[in-house]
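What follows is a single structure, written as structure tokens, with notes after it.
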Amino acid sequence: MAVDHYENFPVASILLPAPLREPVAAIYGFARSADDFADEGDLSPQQRSALLAGYQAELDAIERGQPTQHPVFLRLRPVIERHGLPLQLFRDLLDAFVQDVSKDRYRNFAELMDYCRRSADPVGRLLLHLFGHASEENLSRSDAICSALQLINHWQDVDIDAAKGNNGRIYLPQDEMARFGVDNSDVLRRSVRKPVGKPVSANFQKLLRFQVERARALMLSGAPLGWDLPGRIGLEIRAIVAGGLRILDKIEAVDYDVFSRRPKLETFDWPLILWRSLVRPLDTHR
């Protein structure tokens with residue numbers, strides 16, 4: 001799975017020990033393809049649901065010891081069986097993607113975090129099981145990193161998400177939008193019309209600043225995991241954390257106007273990310 005398909009996650013990169021790259025790629029290939037079923041392309045909701053149901057049927061087949069047919073699962077099944085990976089984590093991912101087909105608004109942050117718990121946290125948990133480091137403390141810190149990455153992806157993609165589906169998809173919690181004086185029409189109008197030279201409103205800036213600061217705090221709460229895990233596994237996690245934090249810096253650098261320019265990682269960002277992965281900042285100490 002190409003890194004540039006989802007640039008916040010340098011998954012199966014050269015930082016990982018060679019024996020783990022194929023298992024990680026198999027897990028990520030499952031997650032990425034299922035996520036694409038939910039919200040990429042021009043499929044109808046019924047077609048998206050049918051594709052995701054097909055993945056659920058493949059997981060059922062693995063659980064019952066029956067043959068699997070899909071190429072993604074022919075690659076994934078040996079990884080699940082060899083490493084004893086919990087099938088429920090794959091089911092949680094599918095449950096979140098099924099939700100994406102029909103749900104496009106989130107009432108509050110708790111509801112959004114429940115989505116992150118199923119759409120992002122299982123990936124980190126699967127990797128810890130794969131690495132043999134799935135202690136309760138490690139799982140908790142992994143959840144913080146993965147949920148933060150999901151939130152960061154939402155905030156850099158407010159514009160892209162608002163153009164999806166018939167009603168647009170808005171992950172910004174509705175109660176917090178109201179608190180900061182931003183409504184759905186503000187986001188949708190900005191996404192569709194792209195007013196040239198007109199900055200986002202001060203209210204939207206304050207709203208997204210609040211979201212960025214909360215995502216950063218959540219990421220930093222999990223960051224020590226990358227320093228506690230050994231060798232190249234820890235280095236991979238530190239690079240992912242540094243990449244996510246760099247996206248937040250870039251959102252701030254454009255004054256939270258993610259409509260005019262999508263903040264993303266560029267080639268010149270990677271030396272800085274690598275440096276931050278090698279030198280432990282003070283704010284990641286416990």
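Here, A, B, ... name the chains of the structure tokens in the order displayed, residue numbers run from 1 inside each chain, and ligands are numbered from 1 in the same displayed order.
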Self-check item: Neighbour list for Ser147 (chain A) as a VMD selection string, cut-off 8 Å, only C-alpha atoms, skip fewer than 5 positions in-chain
Solution: chain A and resid 113 116 to 117 120 to 121 218
Go through region 130-208 of chain A residue by residue and, counting only C-alpha atoms, keep those with an atom at most 6 Å from region 221-245 of chain A; for each kept residue give the shortest atom pair and its distance in Å to one decimal, ordered by chain and increasing number, as JSON lines.
```
{"residue": "A:Arg141", "atom": "CA", "partner": "A:Gly222", "partner_atom": "CA", "distance": 4.2}
{"residue": "A:Ala144", "atom": "CA", "partner": "A:Gly222", "partner_atom": "CA", "distance": 5.1}
{"residue": "A:Ile145", "atom": "CA", "partner": "A:Gly222", "partner_atom": "CA", "distance": 5.3}
```
Practice problem: Enumerate as a VMD selection string all residues of region 40-272 of chain A assigned to alpha helix (DSSP H) by DSSP on the backbone, naming them with the chain letters and numbers the document uses. | Solution: chain A and resid 45 to 64 71 to 83 87 to 102 109 to 119 121 to 131 136 to 156 158 to 162 174 to 179 184 to 193 202 to 222 224 to 228 231 to 253 269 to 272
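Between CA of Asp36 (chain A) and CA of Glu252 (chain A) lies a distance of 28.1 Å.
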Practice problem: May I ask which of the residues A:Asp39, A:Ala57, A:Leu130, A:Thr68 is the closest one to Gly84 (chain A), counting only C-alpha atoms? | Solution: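 Of A:Asp39, A:Ala57, A:Leu130, A:Thr68, the one nearest Gly84 (chain A) is A:Leu130, counting only C-alpha atoms.
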Against region 196-209 of chain A, which residues of region 220-250 of chain A fall within 12 Å? For each one I want the closest pair of atoms and the distance in Å (one decimal), counting only C-alpha atoms, rows by chain and increasing residue number, as a tab-separated table.
```
residue	atom	partner	partner_atom	distance
A:Leu248	CA	A:Arg209	CA	9.6
A:Asp249	CA	A:Arg209	CA	10.9
A:Lys250	CA	A:Arg209	CA	11.9
```
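Here the question is which of A:Gly65, A:Pro86, A:Gly124, A:Gly41 gets nearest to Leu149 (chain A) using only C-alpha atoms, and that residue is A:Gly124.
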Quiz prompt | Pick from A:Tyr171, A:Glu40, A:Ala25, A:Pro67, whichever lies nearest to Glu111 (chain A) using only C-alpha atoms | solution =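 So, comparing all the options, the nearest one is A:Tyr171.
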Exercise. Could you please determine the separation between CA of Ser191 (chain A) and CA of Ile160 (chain A) in Å, to one decimal place?
Key: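 It comes out at 7.6 Å.
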